[in-house]
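Enquirer: Have a look at the structure that comes next, please.
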Amino acid sequence: MTDTAPYPIGTPGQPWGAAEIAEWRSRQIRHRSYAADVLSAIERLRARFDAVQYGQLEYPPDTYPLFALNSRDWHDALPCVLVTGGVHGYETSGVHGALRFADLHAADYAGRVNLLIAPCVSPWAYERIHRWNPDAIDPNRSFREDSPAQESAALMRLVAPLRERILVHIDLHETTDSDESEFRPALAARDGKTLEPGEIPDGFYLVGDSEDPQPAFQQAIIAAVAKVTHIAPADANGEIIGSAVVAPGVINYPVGPLGLCAGITAARYRTTTEVYPDSPRATPEQCNAAQAAAVCAAIEFALAQG
C-alpha cells in the first residue's frame with residue numbers, strides 16, 4: 001500500500017471519525033471461533049489449572065468471556081510468571097503458543113513458580129484476524145491508566161494484585177506480512193498520516209525494555225528458540241522494524257511509555273516475542289513450538305539467577 005493506492009476508508013491526510021471507524025468495523029469478517037479454538041482448550045486444561053474468568057467483553061451482538069489459567073498448586077512464597085498471548089488477536093501463535101506451553105510444559109514448573117497464563121487477550125480480533133478491537137484501537141498501545149481498550153483494562157485488573165510479585169512476564173506476538181500490507185496502512189489512514197513503507201524481518205526476534213533491557217535474559221531466550229526456528233537478521237541499516245539491533249535477534253522499546261503489554265508489571269525479566277509465520281522456512285507448528293520454547297527459556301533463566 002503506497003501513496004498511489006490510498007487505504008479504502010477515509011480521506012488521505014484526515015484522521016478517522018466515528019463514521020470511518022463504523023465503516024471499517026462493518027468490513028471485518030469472522031474467520032474463526034474463539035469458543036472452538038480457545039475456550040474449548042481452556043476447558044480441557046481445567047483438570048490441571050484453575051480457570052479464572054477475569055472479565056467479559058460486550059461487543060453486540062457478541063459476548064466474549066475472558067479466561068486465564070492459574071497454577072492449581074499456587075504458593076505465595078513462590079515467584080510468579082505471567083504469560084500473555086493474543087493481545088493482537090491476529091497473531092495466531094501467540095494464542096496457541098501460550099496454550100501449548102500450558103498443555104505440554106507447565107507441569108515442569110509445578111512447585112517452582114506460580115503461573116498465570118492469559119492466552120487470548122483480544123478474542124474479537126482473534127476471530128477476525130485483526131490487530132485492533134472493534135473501536136479501531138490497538139490494545140497493545142493501551143496498557144495505561146483509564147485505558148480506552150476493554151481488553152487492556154481487563155488484563156490490568158487481573159494482574160494488579162500481583163504486579164510487584166511477578167518475576168517474569170513474556171508477551172507472545174508475531175510480525176506478519178499483513179503488518180505491511182494491511183495493518184500499517186490502516187494505522188496511517190486512521191491517524192491521517194502518510195505511510196512510510198517498512199520491511200518485514202524473516203525470523204524470530206525479541207523486544208526488550210529499553211529502560212531495563214536484561215541482555216543476558218534476552219539472549220538465553222534467543223539461544224533456546226534458535227533450536228526450533230530461525231532468528232531474524234538485521235536489515236541493511238542494522239535494524240529490525242526500524243529499531244537498532246542491540247544483539248542477535250533483539251531490539252528494545254520503552255515498553256511503559258508506549259503502553260505495551262510487556263510494561264504492565266514490575267517484573268525483573270520481561271520481553272515480547274515476535275515470530276514470523278509467513279516465512280517459507282517456518283510452519284505453524286514451529287511457530288507455536290518457538291513461542292513455548294521462549295516461555296520455558298525465560299523461566300529457566302530467571303530461576304537460575306536464584
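Labels for the C-alpha cells follow display order: chains A, B, ..., residues from 1 in each chain, ligands from 1.
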Identify all residues of range 75-250 of chain A in strand (DSSP E or B) (DSSP on the backbone) and supply them as a ChimeraX atom specification.

Expert: /A:80-85,114-118,166-174,204-209,231,239-240,243-244,247,250

Enquirer: Write down as a PyMOL selection string the residues of range 6-248 of chain A whose backbone DSSP state falls under alpha helix (DSSP H).

Expert: chain A and resi 18-26+34+40-45+92-104+123-128+150-159+177-178+184-191+215-225

Enquirer: Which residues of range 233-305 of chain A sit at most 10 Å from range 120-140 of chain A, using only C-alpha atoms? Give each one's shortest atom pair and distance in Å (one decimal place), in chain and ascending residue order, as a tab-separated table.

Expert:
residue	atom	partner	partner_atom	distance
A:Val255	CA	A:Asn140	CA	9.8
A:Leu258	CA	A:Asn140	CA	8.5
A:Gly259	CA	A:Asn140	CA	6.6
A:Leu260	CA	A:Asn140	CA	4.9
A:Cys261	CA	A:Asn140	CA	5.8
A:Ala262	CA	A:Asn140	CA	9.0

Enquirer: Compare A:Thr176, A:Ser279, A:Ser26, A:Thr84 by their minimum atom-to-atom distance to Gly97 in chain A, counting only C-alpha atoms, and give me the closest one.

Expert: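 Nearest to Gly97 in chain A: A:Thr84.
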
Enquirer: Give one line per residue of range 157-240 of chain A that approaches range 286-299 of chain A to at most 8 Å, naming the two atoms of the closest pair and their distance in Å to one decimal, counting only C-alpha atoms; sort by chain then ascending residue number and deliver it as a tab-separated table.

Expert:
residue	atom	partner	partner_atom	distance
A:Val168	CA	A:Ile299	CA	6.9
A:Ile170	CA	A:Val295	CA	6.6
A:Leu172	CA	A:Gln291	CA	6.7
A:Phe217	CA	A:Ala298	CA	6.9
A:Ala220	CA	A:Ala297	CA	6.6
A:Ile221	CA	A:Ala297	CA	5.2
A:Ile222	CA	A:Ala294	CA	7.6
A:Ala224	CA	A:Ala297	CA	6.3
A:Val225	CA	A:Ala290	CA	5.5
A:Val228	CA	A:Ala290	CA	5.7
A:Thr229	CA	A:Gln286	CA	6.5

Enquirer: Print the selection's residues with C-alpha atoms to a file, as a PDB file, in the first residue's frame.

Expert:
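Result written to out_15.pdb:
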ATOM      1  CA  VAL A 168       8.900 -12.990  34.593  1.00  0.00           C
ATOM      2  CA  ILE A 170       6.650 -12.879  28.481  1.00  0.00           C
ATOM      3  CA  LEU A 172       3.766 -13.629  22.814  1.00  0.00           C
ATOM      4  CA  PHE A 217      17.914 -12.883  29.676  1.00  0.00           C
ATOM      5  CA  ALA A 220      19.061 -17.003  26.688  1.00  0.00           C
ATOM      6  CA  ILE A 221      15.665 -16.979  25.007  1.00  0.00           C
ATOM      7  CA  ILE A 222      17.166 -16.409  21.556  1.00  0.00           C
ATOM      8  CA  ALA A 224      16.664 -21.659  23.015  1.00  0.00           C
ATOM      9  CA  VAL A 225      14.397 -20.572  20.165  1.00  0.00           C
ATOM     10  CA  VAL A 228      13.302 -24.507  16.967  1.00  0.00           C
ATOM     11  CA  THR A 229      13.205 -21.844  14.246  1.00  0.00           C
TER      12      THR A 229
END

Enquirer: Quick check, in Å to one decimal: how far apart do CA of Ala51 in chain A and CA of Asn70 in chain A lie?

Expert: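 The value is 6.3 Å.
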
Enquirer: Would you list the contacts of Ala186 in chain A as an MDAnalysis selection string, taking every protein, DNA or RNA residue within 7 Å and counting only C-alpha atoms, but skipping same-chain residues closer than 4 positions in sequence?

Expert: chainID A and resid 7 182 190

Enquirer: Extract, using only C-alpha atoms, all DNA, RNA and protein residues at most 9 Å from Val207 in chain A, discarding same-chain residues fewer than 3 positions from it, and format them as a PDB file with C-alpha atoms, in the first residue's frame.

Expert:
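To be explicit, this is the file written out as part02.pdb:
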ATOM      1  CA  SER A 210      14.943  -0.141  26.785  1.00  0.00           C
ATOM      2  CA  PRO A 213      16.935  -4.449  28.840  1.00  0.00           C
ATOM      3  CA  GLN A 218      17.056 -11.938  26.095  1.00  0.00           C
ATOM      4  CA  GLY A 249      17.568 -11.089  17.332  1.00  0.00           C
ATOM      5  CA  VAL A 250      16.983  -8.382  19.955  1.00  0.00           C
ATOM      6  CA  ILE A 251      15.690  -4.822  19.788  1.00  0.00           C
ATOM      7  CA  ASN A 252      14.441  -2.612  22.630  1.00  0.00           C
ATOM      8  CA  TYR A 253      11.415  -0.352  23.086  1.00  0.00           C
ATOM      9  CA  VAL A 255       7.531  -0.503  26.837  1.00  0.00           C
ATOM     10  CA  THR A 271      10.154  -9.442  26.937  1.00  0.00           C
ATOM     11  CA  THR A 272       7.922  -9.545  23.882  1.00  0.00           C
ATOM     12  CA  THR A 273       8.381 -12.365  21.381  1.00  0.00           C
ATOM     13  CA  GLU A 274       7.906 -11.853  17.654  1.00  0.00           C
TER      14      GLU A 274
END

Enquirer: For the interface of range 73-159 of chain A with range 41-45 of chain A (cut-off 8 Å, counting only C-alpha atoms), please tabulate each contacting residue of range 73-159 of chain A alongside its nearest pair of atoms and their separation in Å to one decimal, rows sorted by chain and increasing number, as a tab-separated table.

Expert:
residue	atom	partner	partner_atom	distance
A:Leu99	CA	A:Ala41	CA	7.5
A:Ala102	CA	A:Leu45	CA	7.9
A:Asp103	CA	A:Leu45	CA	7.1

Enquirer: Which of these residues is nearest to Arg157 in chain A, using only C-alpha atoms: A:His169, A:Arg25, A:Lys193, A:Arg144?

Expert: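 Residue with the minimum atom-to-atom distance to Arg157 in chain A: A:Arg144.
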
Enquirer: How many Å separate CA of Ala226 in chain A from CA of Val275 in chain A?

Expert: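 So the two atoms, CA of Ala226 in chain A and CA of Val275 in chain A, lie 11.6 Å apart.
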
Enquirer: Can you work out the spacing between CA of Gly256 in chain A and CA of Gly208 in chain A in Å, to one decimal?

Expert: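 Taking CA of Gly256 in chain A and CA of Gly208 in chain A, their separation equals 11.2 Å.
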
Enquirer: Excluding Ile117 in chain A and any residue of its chain fewer than 5 positions from it, enumerate the residues within 6 Å of it, using only C-alpha atoms, and give them as a PyMOL selection string.

Expert: chain A and resi 68-69+82-84

Enquirer: Go ahead and save the picked residues with C-alpha atoms, as a CSV table (one decimal), in the first residue's frame.

Expert:
chain,number,residue,atom,x,y,z
A,68,ALA,CA,-6.8,-17.0,32.4
A,69,LEU,CA,-5.2,-20.2,33.7
A,82,LEU,CA,2.9,-14.1,33.6
A,83,VAL,CA,2.4,-15.4,30.1
A,84,THR,CA,0.2,-13.4,27.8

Enquirer: Could you check the closest approach to Gly203 in chain A for each of A:Asp278, A:Asp171, A:Glu239, A:Asp76 and tell me which residue wins, using only C-alpha atoms?

Expert: A:Asp278

Enquirer: Which residue is closest to Gly198 in chain A? Choose from A:Ala110, A:Ala160, A:Ile240, A:Ile166 and count only C-alpha atoms.

Expert: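 Ranking A:Ala110, A:Ala160, A:Ile240, A:Ile166 by distance to Gly198 in chain A, first place goes to A:Ile240.
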
Enquirer: Hey, what's within 7 Å of Val95 in chain A if we count only C-alpha atoms and toss same-chain stuff fewer than 6 positions away? As a list of chain:residue names, please?

Expert: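 Neighbouring residues, sequence-local ones excluded: A:Gly85, A:Gly86, A:Pro119, A:Cys120.
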